[in-house]
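Here's model_21.txt, which has compact mmCIF, C-alpha atoms and all ligand atoms:
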```txt
# COMPACT_ATOMS: atom_id res chain seq x y z
CA MET A 12 -116.60 231.42 73.97
CA LYS A 13 -114.78 229.02 76.24
CA ASN A 14 -111.96 227.04 74.61
CA ILE A 15 -112.65 228.63 71.24
CA GLU A 16 -110.17 230.92 69.49
CA MET A 17 -110.58 233.05 66.39
CA PHE A 18 -108.15 233.26 63.50
CA THR A 19 -108.19 234.94 60.12
CA THR A 20 -108.44 232.51 57.22
CA ASN A 21 -106.77 233.08 53.84
CA ASP A 22 -109.84 234.72 52.25
CA GLY A 23 -110.01 237.24 55.12
CA SER A 24 -113.02 235.67 56.86
CA ILE A 25 -112.81 234.66 60.52
CA GLY A 26 -112.38 231.00 61.37
CA LEU A 27 -112.68 229.27 64.73
CA TYR A 28 -110.42 226.79 66.48
CA ASP A 29 -111.55 224.57 69.36
CA LYS A 30 -108.61 224.28 71.78
CA SER A 31 -110.01 221.40 73.81
CA LEU A 32 -110.53 219.26 70.70
CA ASP A 33 -107.49 220.68 68.86
CA GLU A 34 -109.76 220.99 65.84
CA VAL A 35 -110.62 223.84 63.48
CA PHE A 36 -114.21 224.70 62.65
CA HIS A 37 -113.25 226.21 59.32
CA SER A 38 -110.59 225.56 56.73
CA LYS A 39 -107.50 227.77 56.86
CA TYR A 40 -107.87 228.46 53.14
CA GLY A 41 -111.06 230.41 53.79
CA ALA A 42 -114.12 229.97 55.96
CA LYS A 43 -116.42 231.75 53.51
CA THR A 44 -114.79 230.16 50.47
CA GLU A 45 -115.13 226.71 52.02
CA ALA A 46 -118.87 227.24 52.62
CA PHE A 47 -119.37 228.19 48.98
CA GLU A 48 -117.20 225.52 47.40
CA LYS A 49 -118.20 222.54 49.53
CA PHE A 50 -121.84 223.26 50.31
CA ILE A 51 -123.35 225.82 47.94
CA GLU A 52 -121.67 225.31 44.57
CA PRO A 53 -122.57 221.58 44.44
CA THR A 54 -126.25 222.40 45.11
CA LEU A 55 -126.73 225.36 42.78
CA ILE A 56 -129.31 223.46 40.69
CA TYR A 57 -131.65 224.64 43.45
CA GLN A 58 -130.64 228.29 43.09
CA GLU A 59 -133.97 229.47 41.66
CA LYS A 60 -136.25 226.71 42.95
CA PRO A 61 -138.22 226.68 46.22
CA VAL A 62 -135.84 224.94 48.59
CA ARG A 63 -135.82 223.41 52.07
CA ILE A 64 -132.41 223.12 53.71
CA LEU A 65 -131.12 221.17 56.71
CA ASP A 66 -127.87 222.58 58.14
CA ILE A 67 -126.34 219.97 60.47
CA CYS A 68 -123.74 221.70 62.68
CA TYR A 69 -124.63 225.35 62.16
CA GLY A 70 -121.64 226.64 64.21
CA ILE A 71 -121.44 230.33 63.34
CA GLY A 72 -123.56 229.75 60.28
CA TYR A 73 -121.33 230.19 57.25
CA ASN A 74 -123.20 227.51 55.29
CA THR A 75 -126.64 228.89 56.10
CA LYS A 76 -125.49 232.47 55.42
CA CYS A 77 -123.97 231.46 52.10
CA ALA A 78 -127.24 229.69 51.16
CA LEU A 79 -129.16 232.89 52.03
CA LYS A 80 -126.84 234.78 49.71
CA TYR A 81 -127.09 232.45 46.71
CA PHE A 82 -130.56 230.85 46.79
CA ALA A 83 -133.45 232.98 45.59
CA ASN A 84 -136.37 231.02 46.98
CA ILE A 85 -135.61 229.52 50.40
CA GLN A 86 -138.73 228.15 52.05
CA GLU A 87 -137.14 226.91 55.20
CA ILE A 88 -133.78 226.22 56.88
CA ASP A 89 -133.58 223.94 59.90
CA CYS A 90 -130.27 224.33 61.76
CA LEU A 91 -128.94 221.75 64.22
CA GLU A 92 -126.26 222.86 66.68
CA ILE A 93 -125.30 221.81 70.20
CA ASN A 94 -123.73 225.12 71.29
CA PHE A 95 -126.24 227.98 71.58
CA GLU A 96 -123.47 230.44 72.39
CA LEU A 97 -122.09 230.00 68.86
CA VAL A 98 -125.51 230.46 67.31
CA LYS A 99 -126.05 233.71 69.22
CA LYS A 100 -122.55 234.92 68.30
CA SER A 101 -123.06 234.05 64.64
CA ILE A 102 -124.79 237.37 63.99
CA GLU A 103 -121.67 239.24 65.12
CA PHE A 104 -119.38 237.69 62.54
CA GLU A 105 -118.72 239.89 59.56
CA TYR A 106 -121.02 238.94 56.73
CA ASP A 107 -123.43 240.68 54.43
CA GLU A 108 -125.32 242.97 56.85
CA LYS A 109 -128.76 242.04 55.51
CA ILE A 110 -128.02 238.35 55.95
CA ASN A 111 -126.94 238.85 59.55
CA GLU A 112 -130.20 240.78 60.11
CA ILE A 113 -132.20 237.85 58.72
CA ILE A 114 -130.42 235.49 61.12
CA ALA A 115 -130.93 237.88 64.06
CA ARG A 116 -134.66 238.18 63.30
CA ASN A 117 -135.03 234.44 63.00
CA LEU A 118 -133.23 233.87 66.27
CA ILE A 119 -136.21 235.60 67.85
CA ASN A 120 -139.19 234.66 65.71
CA GLN A 121 -137.89 231.50 63.94
CA ASP A 122 -139.90 232.64 60.95
CA PHE A 123 -138.32 230.42 58.29
CA ILE A 124 -135.00 229.57 59.95
CA LYS A 125 -135.42 227.29 62.93
CA PHE A 126 -132.66 226.46 65.42
CA TYR A 127 -132.59 223.12 67.22
CA ILE A 128 -130.14 223.45 70.10
CA ASP A 129 -129.23 219.95 71.24
CA ASP A 130 -127.11 216.98 70.24
CA ALA A 131 -127.98 216.65 66.53
CA ARG A 132 -128.64 212.95 67.19
CA ASN A 133 -131.62 213.99 69.34
CA SER A 134 -132.77 216.86 67.13
CA ILE A 135 -132.75 214.78 63.97
CA GLN A 136 -135.26 212.39 65.51
CA LYS A 137 -137.77 215.26 65.77
CA LEU A 138 -137.60 215.99 62.05
CA ASN A 139 -139.99 214.27 59.69
CA LYS A 140 -140.01 216.32 56.50
CA LYS A 141 -137.92 215.89 53.37
CA TYR A 142 -135.22 218.45 52.63
CA ASP A 143 -133.93 219.39 49.18
CA ILE A 144 -130.43 220.10 50.48
CA ILE A 145 -128.58 218.77 53.53
CA PHE A 146 -125.28 220.21 54.79
CA HIS A 147 -123.35 217.90 57.12
CA ASP A 148 -120.45 219.74 58.77
CA GLY A 149 -119.48 217.98 62.01
CA PHE A 150 -115.96 217.89 63.39
CA ALA A 151 -113.74 215.14 61.94
CA PRO A 152 -114.69 211.59 63.00
CA HIS A 153 -111.41 210.88 64.83
CA LYS A 154 -112.33 213.80 67.13
CA GLN A 155 -116.13 213.45 67.20
CA SER A 156 -117.40 210.24 65.67
CA VAL A 157 -120.95 210.61 67.01
CA LEU A 158 -122.22 212.47 63.94
CA TRP A 159 -120.65 210.11 61.41
CA SER A 160 -122.05 206.71 62.35
CA GLU A 161 -123.86 204.67 59.71
CA ASP A 162 -126.94 204.96 61.93
CA PHE A 163 -126.86 208.77 61.94
CA VAL A 164 -126.17 208.85 58.20
CA LEU A 165 -129.13 206.51 57.63
CA LYS A 166 -131.30 208.95 59.58
CA ILE A 167 -130.06 211.78 57.33
CA ALA A 168 -130.86 209.74 54.21
CA SER A 169 -134.41 209.16 55.53
CA LEU A 170 -134.93 212.94 55.28
CA MET A 171 -134.03 213.00 51.57
CA HIS A 172 -136.32 212.62 48.55
CA LYS A 173 -135.14 211.33 45.18
CA ASP A 174 -133.63 214.65 44.05
CA SER A 175 -132.25 215.85 47.40
CA ILE A 176 -128.56 216.65 47.53
CA TYR A 177 -126.38 215.91 50.57
CA CYS A 178 -123.00 217.66 50.97
CA THR A 179 -120.10 217.23 53.33
CA TYR A 180 -116.39 218.01 53.36
CA ASN A 181 -115.68 214.56 54.80
CA HIS A 182 -114.51 211.99 52.27
CA SER A 183 -113.00 209.46 54.69
CA LYS A 184 -113.68 205.82 53.83
CA PRO A 185 -115.98 205.03 56.81
CA VAL A 186 -118.19 208.02 55.96
CA LEU A 187 -118.30 207.15 52.25
CA ASN A 188 -119.17 203.59 53.21
CA ALA A 189 -121.98 204.79 55.50
CA LEU A 190 -123.39 206.89 52.63
CA ASP A 191 -123.01 204.04 50.14
CA LYS A 192 -124.88 201.65 52.46
CA THR A 193 -127.96 203.90 52.39
CA GLY A 194 -128.25 203.46 48.62
CA LEU A 195 -127.22 207.04 47.85
CA ALA A 196 -125.08 207.62 44.75
CA ILE A 197 -121.89 209.35 45.84
CA GLY A 198 -119.52 211.68 44.06
CA LYS A 199 -116.63 213.99 44.70
CA THR A 200 -116.52 217.74 45.03
CA ILE A 201 -113.30 218.63 43.25
CA LYS A 202 -111.07 221.70 43.32
CA ASP A 203 -107.71 221.94 41.52
CA ASP A 204 -107.86 218.17 40.80
CA LYS A 205 -108.21 217.39 44.51
CA THR A 206 -111.24 215.96 46.31
CA ILE A 207 -112.46 218.54 48.82
CA GLY A 208 -115.83 217.02 49.67
CA VAL A 209 -118.65 214.65 48.85
CA ILE A 210 -122.06 215.04 47.33
CA ALA A 211 -124.71 212.33 47.45
CA SER A 212 -128.19 211.86 46.05
CA PHE A 213 -130.65 209.05 45.37
CA ASN A 214 -130.76 210.44 41.83
CA SER A 215 -127.40 209.46 40.35
CA ASP A 216 -127.97 211.85 37.42
CA LEU A 217 -127.38 214.71 39.87
CA ILE A 218 -123.90 213.45 40.74
CA LYS A 219 -121.16 214.80 38.50
CA ASN A 220 -117.90 213.21 39.59
CA LYS A 221 -119.08 209.76 40.65
CA TYR A 222 -116.77 207.40 42.53
CA SER A 223 -115.57 204.66 40.16
CA GLU A 224 -116.34 200.97 40.72
CA ILE A 225 -112.72 200.42 41.84
CA GLU A 226 -112.96 203.29 44.34
CA LEU A 227 -116.27 201.92 45.62
CA GLY A 228 -114.51 198.56 46.04
CA GLU A 229 -112.27 200.26 48.61
CA LEU A 230 -115.37 200.56 50.79
CA LYS A 231 -115.34 196.77 51.22
CA THR A 232 -112.04 196.91 53.10
CA LYS A 233 -111.26 197.10 56.82
CA THR A 234 -110.33 200.77 56.52
CA ALA A 235 -113.90 201.59 55.49
CA ILE A 236 -115.60 199.84 58.40
CA THR A 237 -118.24 202.29 59.57
CA PHE A 238 -118.82 203.85 62.98
CA LYS A 239 -121.80 202.23 64.71
CA ASP A 240 -124.25 203.92 67.09
CA LYS A 241 -127.47 201.92 66.82
CA ASN A 242 -129.46 203.91 69.38
CA LEU A 243 -127.72 207.23 68.64
CA ASN A 244 -126.51 207.54 72.21
CA LEU A 245 -122.95 206.19 72.48
CA SER A 246 -120.03 208.38 73.47
CA HIS A 247 -117.21 209.14 71.03
CA SER A 248 -114.81 206.81 72.85
CA GLU A 249 -117.33 203.94 72.91
CA ILE A 250 -117.86 204.29 69.15
CA ILE A 251 -114.11 204.38 68.46
CA GLU A 252 -113.42 201.44 70.80
CA ASN A 253 -116.20 199.30 69.24
CA ARG A 254 -114.91 200.05 65.73
CA LYS A 255 -111.37 199.14 66.74
CA LYS A 256 -112.62 195.75 67.98
CA GLU A 257 -114.65 195.22 64.81
CA ILE A 258 -111.57 195.92 62.68
CA GLU A 259 -109.45 193.50 64.75
CA GLU A 260 -112.03 190.74 64.31
CA SER A 261 -112.77 191.46 60.66
CA SER A 262 -111.71 189.11 57.87
CA LEU A 263 -112.01 191.84 55.22
CA MET A 264 -108.85 192.70 53.32
CA THR A 265 -106.92 195.81 54.21
CA LEU A 266 -106.93 198.84 51.93
CA SER A 267 -103.28 198.24 51.00
CA GLN A 268 -104.04 194.59 50.04
CA TYR A 269 -106.91 195.87 47.89
CA LYS A 270 -104.70 198.48 46.26
CA LYS A 271 -102.01 195.89 45.54
CA ARG A 272 -104.57 193.60 43.92
CA PHE A 273 -105.61 196.37 41.51
CA SER A 274 -102.09 197.84 41.19
CA LEU A 275 -103.37 201.22 42.43
C1 LIG A 301 -116.96 222.09 61.91
S1 LIG A 301 -117.94 222.98 63.01
C2 LIG A 301 -119.24 223.59 61.98
C3 LIG A 301 -118.95 224.88 61.32
C4 LIG A 301 -120.19 225.58 60.82
N1 LIG A 301 -120.85 224.89 59.76
C5 LIG A 301 -119.95 227.03 60.52
O1 LIG A 301 -120.24 227.47 59.40
O2 LIG A 301 -119.49 227.74 61.40
C6 LIG A 301 -118.78 221.71 63.91
C7 LIG A 301 -119.92 222.18 64.75
O3 LIG A 301 -120.58 221.06 65.28
C8 LIG A 301 -121.08 221.39 66.56
N2 LIG A 301 -121.36 220.11 67.25
C9 LIG A 301 -120.47 219.28 67.83
N3 LIG A 301 -121.07 218.18 68.31
C10 LIG A 301 -122.39 218.31 68.00
C11 LIG A 301 -123.51 217.49 68.21
N4 LIG A 301 -123.42 216.30 68.83
N5 LIG A 301 -124.71 217.94 67.79
C12 LIG A 301 -124.81 219.14 67.16
N6 LIG A 301 -123.77 219.95 66.92
C13 LIG A 301 -122.57 219.55 67.32
C14 LIG A 301 -119.99 222.22 67.16
O4 LIG A 301 -120.46 223.03 68.21
C15 LIG A 301 -119.52 223.04 65.95
O5 LIG A 301 -120.21 224.24 65.88
```
Using C-alpha cells, write down the structure from this file.
Amino acid sequence: MKNIEMFTTNDGSIGLYDKSLDEVFHSKYGAKTEAFEKFIEPTLIYQEKPVRILDICYGIGYNTKCALKYFANIQEIDCLEINFELVKKSIEFEYDEKINEIIARNLINQDFIKFYIDDARNSIQKLNKKYDIIFHDGFAPHKQSVLWSEDFVLKIASLMHKDSIYCTYNHSKPVLNALDKTGLAIGKTIKDDKTIGVIASFNSDLIKNKYSEIELGELKTKTAITFKDKNLNLSHSEIIENRKKEIEESSLMTLSQYKKRFSL
C-alpha cells in the first residue's frame, strides 16, 4: 500500500499511518478498542434488533468488523471507501477468523455487505434508504475537509430516521456545528472524563451526554464556522481557503470572547 505504514497500537491491533498526509488511520491507544468505544458501544441499543449500517470510510474495516462481532441481527452494511486496495487488504488484518471470512465472501458476492469504491461524496448520492446506524470516520478536517462540510453532513442526516444513531470521533467545533444545523441532537462519547467522540440522533432521548446550552452557544462563534461544499465537489484546499475568507469577514465573536463572557 503506497504511502501507508503499519504500526502496532497499544491494544496489540495493527494501525495504519498515511505518510503523505502525515495522518493516522487509527488511534495509537488501540485500533480495535477505538472501533468499539467510539462506534459500537454508543449504538448498542441496536445489538439485538434488525439493523442497517452505513460505514463511511471503511479503511481496513475495524468498525464494520466490530459491528459484525457485536450485533446479532445485521440486515445490511453499506461501506463507502475511496481506496479499493485497503478494502481488499482488510481481510488480511488479524481479526476474528469468521468475521474476516464474512468480509471476504461479501467482497465477491456483496450479499449483505456492499462496498462503494469512490469518493464518498459521490457514493452517498446513490444511497436513498434510511440507516439505523451511521459511522463517520474520515481523516481529520485540517487534512481532508471534504467529508466534513455542512453539505456532506446534511446528506448524511437525510439518510437517518428518527431513531438512527450517528457516531464519529470528531468533536471539533465546525463538525459539531454542521451536525447541530441539521437539527440532530448531539452528545459526547466519554471515556475517563474526556470526550472521545460524538453521537447524534433526531431522537434526543437516545443521547446520553448531551452538549449543554452554553457549549452549544460556542457553535455560534467564528471557530465553529462550518466547511462549505455546496455541490460536493470542491478540493480540500478550496474548502479551507473559502472558510478562511468567511472567518475573516465574519462579525461573529471569537471563541475566547465567548468564553470570557461566560467566565469559562
Ligand atoms: C481514518 S481512516 C478510516 C479508518 C477505518 N474506519 C478503519 O477501520 O480502518 C479514513 C479513511 O477514509 C478514506 N477516504 C479518504 N478520503 C475519502 C473520500 N473522499 N471518500 C471515501 N473515503 C475516503 C481513506 O482511504 C481512509 O481509509
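Proximity of A:Val157, A:Leu243, A:Ile144, A:Leu195 to ligand LIG 301 (chain A), computed with all atoms listed in the file, is greatest for A:Val157.
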Site check for ligand LIG 301 (chain A): residues at most 6 Å away, all atoms listed in the file, as an mmCIF file with C-alpha atoms, in the coordinates of the input:
```
data_model
loop_
_atom_site.group_PDB
_atom_site.id
_atom_site.type_symbol
_atom_site.label_atom_id
_atom_site.label_comp_id
_atom_site.auth_asym_id
_atom_site.auth_seq_id
_atom_site.Cartn_x
_atom_site.Cartn_y
_atom_site.Cartn_z
ATOM 1 C CA PHE A 36 -114.210 224.700 62.650
ATOM 2 C CA CYS A 68 -123.740 221.700 62.680
ATOM 3 C CA TYR A 69 -124.630 225.350 62.160
ATOM 4 C CA GLY A 70 -121.640 226.640 64.210
ATOM 5 C CA ILE A 71 -121.440 230.330 63.340
ATOM 6 C CA GLY A 72 -123.560 229.750 60.280
ATOM 7 C CA TYR A 73 -121.330 230.190 57.250
ATOM 8 C CA ASN A 74 -123.200 227.510 55.290
ATOM 9 C CA LEU A 91 -128.940 221.750 64.220
ATOM 10 C CA GLU A 92 -126.260 222.860 66.680
ATOM 11 C CA ILE A 93 -125.300 221.810 70.200
ATOM 12 C CA ASN A 94 -123.730 225.120 71.290
ATOM 13 C CA ASP A 130 -127.110 216.980 70.240
ATOM 14 C CA ALA A 131 -127.980 216.650 66.530
ATOM 15 C CA ASP A 148 -120.450 219.740 58.770
ATOM 16 C CA GLY A 149 -119.480 217.980 62.010
ATOM 17 C CA PHE A 150 -115.960 217.890 63.390
#
```
Can you check which parts of stretch 127-172 of chain A lie within 12 Å of stretch 54-61 of chain A? Per residue, the shortest pair of atoms and distance in Å to one decimal, counting only C-alpha atoms, sorted by chain and number, as JSON lines.
```
{"residue": "A:Tyr142", "atom": "CA", "partner": "A:Pro61", "partner_atom": "CA", "distance": 10.9}
{"residue": "A:Asp143", "atom": "CA", "partner": "A:Tyr57", "partner_atom": "CA", "distance": 8.1}
{"residue": "A:Ile144", "atom": "CA", "partner": "A:Thr54", "partner_atom": "CA", "distance": 7.2}
{"residue": "A:Ile145", "atom": "CA", "partner": "A:Thr54", "partner_atom": "CA", "distance": 9.5}
{"residue": "A:Phe146", "atom": "CA", "partner": "A:Thr54", "partner_atom": "CA", "distance": 10.0}
```
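Each of A:Phe126, A:Tyr222, A:Tyr40, A:Phe82 was checked against A:Thr200 using only C-alpha atoms; the smallest atom-to-atom distance is that of A:Tyr222.
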Q: Report the distance between atom CA of A:Ile88 and atom CA of A:Gly41 in Å, rounded to one decimal place.
A: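 Separation of atom CA of A:Ile88 and atom CA of A:Gly41: 23.3 Å.
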Q. Between A:Lys109, A:Lys202, A:Lys192, A:Arg63, which is the closest to A:Lys80 once you count all atoms listed in the file?
A. A:Lys109
Q: Record the distance separating atom CA of A:Glu161 and atom CA of A:Asn181, expressed in Å with one decimal.
A: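 That distance, rounded to one decimal, is 13.7 Å.
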Q | Pick from A:Ala115, A:Met17, A:Ile197, A:Ile124, whichever lies nearest to A:Asp89 using all atoms listed in the file | A |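 Of A:Ala115, A:Met17, A:Ile197, A:Ile124, the one nearest A:Asp89, counting all atoms listed in the file, is A:Ile124.
Candidate residues A:Gln121, A:Thr179, A:Ser262, A:Ser31 were compared for distance to A:Glu48, and the nearest is A:Thr179, using all atoms listed in the file.
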